[in-house]
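Asks: First the structure, which I've put down as structure tokens, then a few questions once you've had a look.
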Amino acid sequence: MIDAALFSSALGALTPILFAALAGALCQRAGVFNISLEGTMLVGAFAGVAGSWYTGSVWLGVLIAVLTGTAYSLILAVGHVSFGGDAIVLGVAINLLAVGLTSFLIRTVFGTRGTFSDPALQGLDAVHLPLVRDIPFVGTVLSGHSVLVYLSWLAVVALAVLLYRHPWGLRLRGIGEREDAAASLGVSVTRYRYGVILAGGALCGLAGAQLALGNVTLFSENMTAGRGWIAVVAVMLGRALPYGVFAAAVLFGLAEAFGFRLQGVGLPQQATDAAPYVVTLLALFISSARIRRTREST
Amino acid sequence: MKTVAVTLLAALALGAILLAATGANPLEAYQAIVTGAFGPDGFQDTLAYAVPVVGMATALAIPLRAGMVNLGGEGQLVLGAISAIAVGLHVPGPLGLVAALVAGVLAGALYASIAAVCETRLGVPLLVTTLLLSYPAMSFAAYLVRFPMRDEGSSLPQSDQLPADVRFTELAPGLFLIAAVVVVYAVVDARTPAGFETRVTGWGPRFAQYAGIDRPALTVRLLACSGGLAGLVGAVVALGFPYRFIDGALITPQYTWIGLLAALLAAANPLGTLVAAVFFAALTSGGFAMERETQVPRELTAVLQAVLIIFLAAATGLLRKRRNPA
């Protein structure tokens with residue numbers, strides 16, 4: 001029931017969520033409530049597949065996914081930061097635009113409906129880590145994932161370093177805490193918020209690339225299936241702390257992989273489909289109850 | 001009003017560029033949407049599509065009026081539909097019709113209230129609780145029509161058909177029901193203390209608290225109304241053709257999300273929400289006709305709707321900035 005393969009599949013499942021949640025945490029820290037992760041990830045997935053298909057190189061595909069994710073997040077940056085539009089309204093519209101646009105493009109570009117896959121489509125290869133792969137259990141869990149899986153772990157560390165060990169991170173957190181105070185010290189709120197939203201777009205592009213070129217090698221309509229929303233919740237659960245967000249994403253990935261496993265012992269698929277959401281909700285209850293208790297005791 | 005017109009034109013222009021880029025004739029496509037939506041053949045389809053969209057738009061507008069976002073409309077809609085079917089299959093005659101509708105309303109209202117209580121008691125934001133509770137509800141309904149409530153004679157995940165006297169065989173009853181709800185919402189919003197409290201909370205939550213408005217109670221009340229109406233929409237759709245619950249049939253047409261866009265577009269104003277919802281419904285139903293006529297994918301209309309909202313959100317932000325420069 002619980003073995004190395006379970007944890008290994010959990011790592012694959014959580015990577016898109018982790019990338020998107022890191023994007024969300026970065027934006028949250030600068031005071032931008034970004035709920036457009038879902039749509040940006042979907043656009044990234046489409047761009048990754050289209051890029052890999054037309055260039056014949058999966059690496060160019062990943063690059064194109066990152067660039068497209070960044071460009072797509074400009075909508076939120078311009079609409080919210082420059083024009084002052086409501087981030088939630090914009091986010092909902094950006095997500096729906098992504099569904100409409102990718103469904104429109106899959107038909108005009110690939111001429112199919114629903115799902116595009118082809119044996120010639122290049123996906124990301126599994127990387128077998130030297131030495132690590134020979135360790136029993138640990139090797140099965142940690143080795144044999146796509147490069148992006150390892151990159152996502154590096155991104156967690158990079159975000160932690162940026163936020164707490166670099167002047168950019170200090171200013172960025174300052175903007176998130178007190179916008180006007182940061183501005184009065186000469187920090188450009190506009191420039192930093194553009195920075196986090198665009199960097200978030202790049203991370204969502206990576207999330208989409210892992211989803212469409214790493215976990216599977218195809219694009220299907222609305223294939224993100226709520227992962228971007230789970231990322232929004234992971235940011236909340238992890239309090240926008242890099243390692244907290246990582247832990248939240250791991251929790252979700254384990255719930256998904258474990259639910260999948262439970263289908264093997266005869267539990268209906270619909271029950272296990274709901275498991276990650278229920279687990280996340282329970283985790284939110286527990287963590288918010290704890291905050292309340294500490295607040296009351298001080 | 002002027003802002004809406006300008007943003008609409010801008011969205012149409014962007015759509016035209018997209019069409020031209022994919023090698024289609026924009027004018028032909030737009031014309032096909034209009035004739036498809038309001039022409040003699042299409043008007044019936046537009047109305048049939050508008051009923052659930054207007055219902056969901058109004059349902060989501062109710063809490064939005066107080067600045068609360070209910071993202072769980074899909075779950076409430078589906079639970080309303082499956083409850084209406086479960087009751088309708090067991091209670092015969094006209095009583096069954098009423099009981100089915102009531103069951104739909106109660107299911108939606110109760111489920112949305114859970115999300116509200118999660119915010120007021122447990123401190124988890126409403127946006128998140130409504131959304132997260134939506135997925136288990138959809139899975140639960142999918143489970144029910146695959147196992148306990150499954151139509152044995154079919155290989156599809158669908159329930160049995162309702163008996164002949166527990167059906168809405170025409171569009172009219174559902175249409176009147178939803179229209180009545182819209183009228184009630186408009187009157188309550190404009191003419192009653194409850195509507196005023198809601199709007200005040202929307203203008204400024206802190207001011208509302210200072211004025212003595214009990215926010216937790218208001219949250220639960222608004223969410224119960226919102227979920228109840230979503231459940232009613234589910235029941236109305238389920239009682240209509242094909243008189244059964246089919247897994248995914250309420251999700252695929254995107255009633256909830258198009259309704260939410262309409263409510264957002266109109267800032268939850270009752271009349272504005274109605275107009276926006278009918279407009280979006282016509283656009284979507286016209287999109288099907290356009291696809292038949294011109295081979296342009298109907299998803300174009302979803303793109304147009306989203307672009308319109310993005311432009312409008314940016315424009316209102318800009319106007320607000322100009323009015324009170326920081």
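Quick note on naming: the chains in the structure tokens go A, B, ... in the order shown, residues restart at 1 in each chain, and ligands are numbered from 1 in order of appearance.
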I need the contact residues of chain A against chain B, so if you could list those with any atom within 9 Å, counting only C-alpha atoms, and return them as number ranges by chain, that would help.

Replies: A: 75-76, 78-80, 82-87, 89-105, 107-109, 229-230, 232-233, 268-275, 277-278, 280-281, 284-286, 288-289, 292

Asks: I need the residues from that last selection saved to file as a PDB file, in the first residue's frame (with C-alpha atoms), if you can.

Replies:
```
ATOM      1  CA  ILE A  75      -2.394  41.023 -18.582  1.00  0.00           C
ATOM      2  CA  LEU A  76      -2.554  40.904 -14.784  1.00  0.00           C
ATOM      3  CA  VAL A  78      -0.867  45.906 -16.685  1.00  0.00           C
ATOM      4  CA  GLY A  79      -4.494  45.528 -15.636  1.00  0.00           C
ATOM      5  CA  HIS A  80      -3.863  45.407 -11.891  1.00  0.00           C
ATOM      6  CA  SER A  82      -0.837  50.039 -13.962  1.00  0.00           C
ATOM      7  CA  PHE A  83      -4.601  50.442 -14.323  1.00  0.00           C
ATOM      8  CA  GLY A  84      -5.632  49.528 -10.778  1.00  0.00           C
ATOM      9  CA  GLY A  85      -8.193  46.912 -11.802  1.00  0.00           C
ATOM     10  CA  ASP A  86      -9.456  44.458  -9.188  1.00  0.00           C
ATOM     11  CA  ALA A  87      -7.103  41.461  -8.961  1.00  0.00           C
ATOM     12  CA  VAL A  89     -12.045  40.090 -11.208  1.00  0.00           C
ATOM     13  CA  LEU A  90      -9.008  40.113 -13.491  1.00  0.00           C
ATOM     14  CA  GLY A  91      -7.883  36.711 -12.210  1.00  0.00           C
ATOM     15  CA  VAL A  92     -11.235  35.050 -12.884  1.00  0.00           C
ATOM     16  CA  ALA A  93     -11.334  36.556 -16.385  1.00  0.00           C
ATOM     17  CA  ILE A  94      -7.714  35.590 -17.114  1.00  0.00           C
ATOM     18  CA  ASN A  95      -8.479  31.981 -16.158  1.00  0.00           C
ATOM     19  CA  LEU A  96     -11.530  31.852 -18.405  1.00  0.00           C
ATOM     20  CA  LEU A  97      -9.632  33.535 -21.224  1.00  0.00           C
ATOM     21  CA  ALA A  98      -6.998  30.798 -20.961  1.00  0.00           C
ATOM     22  CA  VAL A  99      -9.613  28.045 -21.277  1.00  0.00           C
ATOM     23  CA  GLY A 100     -11.257  29.769 -24.252  1.00  0.00           C
ATOM     24  CA  LEU A 101      -8.033  30.704 -25.981  1.00  0.00           C
ATOM     25  CA  THR A 102      -6.358  27.294 -25.697  1.00  0.00           C
ATOM     26  CA  SER A 103      -9.553  25.494 -26.793  1.00  0.00           C
ATOM     27  CA  PHE A 104      -9.781  27.904 -29.736  1.00  0.00           C
ATOM     28  CA  LEU A 105      -6.134  27.433 -30.647  1.00  0.00           C
ATOM     29  CA  ARG A 107      -8.636  23.630 -33.142  1.00  0.00           C
ATOM     30  CA  THR A 108      -7.112  26.316 -35.338  1.00  0.00           C
ATOM     31  CA  VAL A 109      -3.468  25.262 -34.808  1.00  0.00           C
ATOM     32  CA  TRP A 229      -6.609  26.863  -7.516  1.00  0.00           C
ATOM     33  CA  ILE A 230      -4.980  24.261  -5.296  1.00  0.00           C
ATOM     34  CA  VAL A 232      -3.678  29.391  -4.399  1.00  0.00           C
ATOM     35  CA  VAL A 233      -4.771  27.367  -1.379  1.00  0.00           C
ATOM     36  CA  PRO A 268     -14.685   4.364  -6.205  1.00  0.00           C
ATOM     37  CA  GLN A 269     -12.702   6.885  -8.203  1.00  0.00           C
ATOM     38  CA  GLN A 270     -15.117   9.680  -7.303  1.00  0.00           C
ATOM     39  CA  ALA A 271     -14.310   9.317  -3.596  1.00  0.00           C
ATOM     40  CA  THR A 272     -10.578   9.485  -4.192  1.00  0.00           C
ATOM     41  CA  ASP A 273     -10.947  12.401  -6.636  1.00  0.00           C
ATOM     42  CA  ALA A 274     -12.398  14.442  -3.802  1.00  0.00           C
ATOM     43  CA  ALA A 275      -9.690  13.413  -1.302  1.00  0.00           C
ATOM     44  CA  TYR A 277      -9.667  18.906  -1.665  1.00  0.00           C
ATOM     45  CA  VAL A 278     -11.008  17.510   1.594  1.00  0.00           C
ATOM     46  CA  THR A 280      -6.572  20.591   2.011  1.00  0.00           C
ATOM     47  CA  LEU A 281      -9.709  21.966   3.626  1.00  0.00           C
ATOM     48  CA  LEU A 284      -6.722  24.856   6.528  1.00  0.00           C
ATOM     49  CA  PHE A 285      -9.128  24.398   9.444  1.00  0.00           C
ATOM     50  CA  ILE A 286      -6.400  23.045  11.690  1.00  0.00           C
ATOM     51  CA  SER A 288      -6.358  28.612  11.177  1.00  0.00           C
ATOM     52  CA  ALA A 289      -7.566  27.225  14.502  1.00  0.00           C
ATOM     53  CA  ARG A 292      -6.517  31.789  16.517  1.00  0.00           C
TER      54      ARG A 292
END
```

Asks: Figure out the distance between CA of Ala65 (chain A) and CA of Phe46 (chain A), please, to one decimal in Å.

Replies: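 Pair CA of Phe46 (chain A) / CA of Ala65 (chain A) returns 7.6 Å.
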
Asks: Name the closest residue to Val233 (chain B) among the candidates B:Pro40, B:Gly108, B:Pro216, B:Gly93; distances are taken between atoms, counting only C-alpha atoms.

Replies: B:Gly108

Asks: Calculated over only C-alpha atoms, which of the candidates A:Ala240, A:Leu206, A:Leu267, A:Leu170 has the smallest distance to Ala47 (chain A)?

Replies: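 Ranked by minimum distance to Ala47 (chain A), first place goes to A:Leu206.
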
Asks: Write down as a ChimeraX atom specification the residues of region 264-312 of chain B whose backbone DSSP state falls under helix (DSSP H, G or I).

Replies: /B:264-265,270-294,299-312

Asks: Store the residues picked out above, limited to N, CA and C atoms, as a short mmCIF file (atom, residue, chain, number, x, y, z; two decimals), in the first residue's frame.

Replies:
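Result written to result_27.cif:
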```
data_model
loop_
_atom_site.label_atom_id
_atom_site.label_comp_id
_atom_site.auth_asym_id
_atom_site.auth_seq_id
_atom_site.Cartn_x
_atom_site.Cartn_y
_atom_site.Cartn_z
N LEU B 264 -19.93 39.91 -12.26
CA LEU B 264 -18.77 40.78 -12.07
C LEU B 264 -18.86 41.99 -13.00
N LEU B 265 -19.28 41.74 -14.24
CA LEU B 265 -19.39 42.82 -15.23
C LEU B 265 -20.34 43.90 -14.74
N PRO B 270 -28.69 44.28 -9.76
CA PRO B 270 -29.66 43.26 -10.22
C PRO B 270 -30.01 43.38 -11.71
N LEU B 271 -30.40 44.57 -12.14
CA LEU B 271 -30.79 44.73 -13.54
C LEU B 271 -29.59 44.54 -14.46
N GLY B 272 -28.47 45.12 -14.07
CA GLY B 272 -27.26 44.99 -14.87
C GLY B 272 -26.83 43.55 -15.02
N THR B 273 -26.95 42.77 -13.93
CA THR B 273 -26.59 41.36 -13.98
C THR B 273 -27.48 40.62 -14.97
N LEU B 274 -28.77 40.96 -14.95
CA LEU B 274 -29.71 40.33 -15.88
C LEU B 274 -29.31 40.61 -17.32
N VAL B 275 -29.06 41.90 -17.61
CA VAL B 275 -28.71 42.29 -18.98
C VAL B 275 -27.42 41.61 -19.41
N ALA B 276 -26.41 41.65 -18.53
CA ALA B 276 -25.11 41.05 -18.87
C ALA B 276 -25.25 39.55 -19.09
N ALA B 277 -26.06 38.90 -18.25
CA ALA B 277 -26.21 37.44 -18.37
C ALA B 277 -26.91 37.09 -19.67
N VAL B 278 -27.96 37.84 -20.03
CA VAL B 278 -28.66 37.57 -21.29
C VAL B 278 -27.72 37.80 -22.46
N PHE B 279 -26.93 38.88 -22.36
CA PHE B 279 -25.97 39.19 -23.42
C PHE B 279 -24.96 38.05 -23.59
N PHE B 280 -24.39 37.57 -22.49
CA PHE B 280 -23.42 36.48 -22.56
C PHE B 280 -24.06 35.19 -23.07
N ALA B 281 -25.31 34.96 -22.63
CA ALA B 281 -26.00 33.75 -23.09
C ALA B 281 -26.23 33.82 -24.60
N ALA B 282 -26.62 35.00 -25.09
CA ALA B 282 -26.84 35.16 -26.53
C ALA B 282 -25.54 34.97 -27.29
N LEU B 283 -24.47 35.53 -26.73
CA LEU B 283 -23.16 35.42 -27.38
C LEU B 283 -22.75 33.94 -27.48
N THR B 284 -22.92 33.20 -26.36
CA THR B 284 -22.53 31.80 -26.35
C THR B 284 -23.39 30.98 -27.29
N SER B 285 -24.71 31.22 -27.25
CA SER B 285 -25.57 30.42 -28.11
C SER B 285 -25.37 30.80 -29.58
N GLY B 286 -25.08 32.09 -29.84
CA GLY B 286 -24.74 32.49 -31.19
C GLY B 286 -23.45 31.85 -31.67
N GLY B 287 -22.55 31.57 -30.72
CA GLY B 287 -21.29 30.94 -31.07
C GLY B 287 -21.46 29.57 -31.70
N PHE B 288 -22.46 28.82 -31.21
CA PHE B 288 -22.74 27.50 -31.80
C PHE B 288 -23.16 27.65 -33.25
N ALA B 289 -24.03 28.66 -33.51
CA ALA B 289 -24.48 28.89 -34.88
C ALA B 289 -23.31 29.31 -35.77
N MET B 290 -22.43 30.17 -35.21
CA MET B 290 -21.27 30.62 -35.97
C MET B 290 -20.39 29.43 -36.37
N GLU B 291 -20.23 28.48 -35.43
CA GLU B 291 -19.40 27.33 -35.72
C GLU B 291 -19.98 26.51 -36.88
N ARG B 292 -21.31 26.36 -36.89
CA ARG B 292 -21.95 25.62 -37.98
C ARG B 292 -21.79 26.35 -39.31
N GLU B 293 -21.93 27.69 -39.28
CA GLU B 293 -21.96 28.47 -40.52
C GLU B 293 -20.56 28.68 -41.10
N THR B 294 -19.61 29.02 -40.22
CA THR B 294 -18.33 29.51 -40.73
C THR B 294 -17.13 28.67 -40.34
N GLU B 299 -15.35 28.54 -29.35
CA GLU B 299 -14.64 29.05 -28.18
C GLU B 299 -14.31 30.53 -28.31
N LEU B 300 -14.40 31.05 -29.56
CA LEU B 300 -14.17 32.47 -29.77
C LEU B 300 -15.04 33.31 -28.83
N THR B 301 -16.28 32.88 -28.62
CA THR B 301 -17.16 33.69 -27.78
C THR B 301 -16.68 33.72 -26.33
N ALA B 302 -16.09 32.62 -25.86
CA ALA B 302 -15.53 32.62 -24.50
C ALA B 302 -14.38 33.60 -24.41
N VAL B 303 -13.57 33.66 -25.48
CA VAL B 303 -12.45 34.60 -25.51
C VAL B 303 -12.99 36.03 -25.45
N LEU B 304 -14.02 36.32 -26.25
CA LEU B 304 -14.60 37.67 -26.27
C LEU B 304 -15.10 38.07 -24.89
N GLN B 305 -15.80 37.16 -24.21
CA GLN B 305 -16.35 37.48 -22.89
C GLN B 305 -15.24 37.81 -21.90
N ALA B 306 -14.20 36.96 -21.88
CA ALA B 306 -13.11 37.17 -20.92
C ALA B 306 -12.38 38.47 -21.21
N VAL B 307 -12.13 38.74 -22.51
CA VAL B 307 -11.42 39.97 -22.88
C VAL B 307 -12.25 41.19 -22.46
N LEU B 308 -13.55 41.11 -22.65
CA LEU B 308 -14.43 42.21 -22.27
C LEU B 308 -14.29 42.51 -20.77
N ILE B 309 -14.29 41.45 -19.94
CA ILE B 309 -14.19 41.65 -18.49
C ILE B 309 -12.83 42.25 -18.13
N ILE B 310 -11.77 41.75 -18.79
CA ILE B 310 -10.44 42.27 -18.47
C ILE B 310 -10.36 43.76 -18.79
N PHE B 311 -10.84 44.13 -19.98
CA PHE B 311 -10.83 45.55 -20.36
C PHE B 311 -11.64 46.38 -19.38
N LEU B 312 -12.82 45.86 -19.02
CA LEU B 312 -13.69 46.64 -18.16
C LEU B 312 -13.09 46.80 -16.76
#
```

Asks: Excluding Ser220 (chain A) and residues on its chain fewer than 3 positions from it, collect all residues at most 8 Å away from it, counting only C-alpha atoms, and give them as a list in words.

Replies: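 The residues satisfying every condition are Gly114, Thr115, Phe116 and Met223 of chain A.
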
Asks: Include N, CA and C atoms and write out the residues we just selected as a short mmCIF file (atom, residue, chain, number, x, y, z; two decimals), in the first residue's frame.

Replies:
```
data_model
loop_
_atom_site.label_atom_id
_atom_site.label_comp_id
_atom_site.auth_asym_id
_atom_site.auth_seq_id
_atom_site.Cartn_x
_atom_site.Cartn_y
_atom_site.Cartn_z
N GLY A 114 -10.43 18.71 -28.19
CA GLY A 114 -10.28 17.92 -26.96
C GLY A 114 -8.82 17.71 -26.60
N THR A 115 -8.16 16.77 -27.27
CA THR A 115 -6.80 16.41 -26.88
C THR A 115 -5.89 16.36 -28.10
N PHE A 116 -4.69 16.90 -27.96
CA PHE A 116 -3.69 16.75 -29.01
C PHE A 116 -2.54 15.90 -28.47
N MET A 223 -6.65 21.01 -19.09
CA MET A 223 -5.91 19.93 -18.45
C MET A 223 -5.37 20.31 -17.07
#
```

Asks: Taking 5 positions as the minimum chain separation for residues in the same chain, which residues sit within 9 Å of region 229-232 of chain B when counting only C-alpha atoms? Answer as a VMD selection string.

Replies: chain B and resid 52 55 to 56 58 to 60 73 to 81 83 to 84 101 to 109 178 181 224 237 256

Asks: Could you please write out, as a ChimeraX atom specification, every residue of region 66-226 of chain A that DSSP assigns to strand (DSSP E or B)?

Replies: /A:115-116,127,145,219-220

Asks: Grab the CA of Ala182 (chain A) to CA of Ala234 (chain A) distance for me, in Å with one decimal place.

Replies: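 Separating CA of Ala182 (chain A) from CA of Ala234 (chain A) is a distance of 26.9 Å.
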
Asks: Record the distance separating CA of Trp59 (chain A) and CA of Ala126 (chain A), expressed in Å with one decimal.

Replies: 13.6 Å
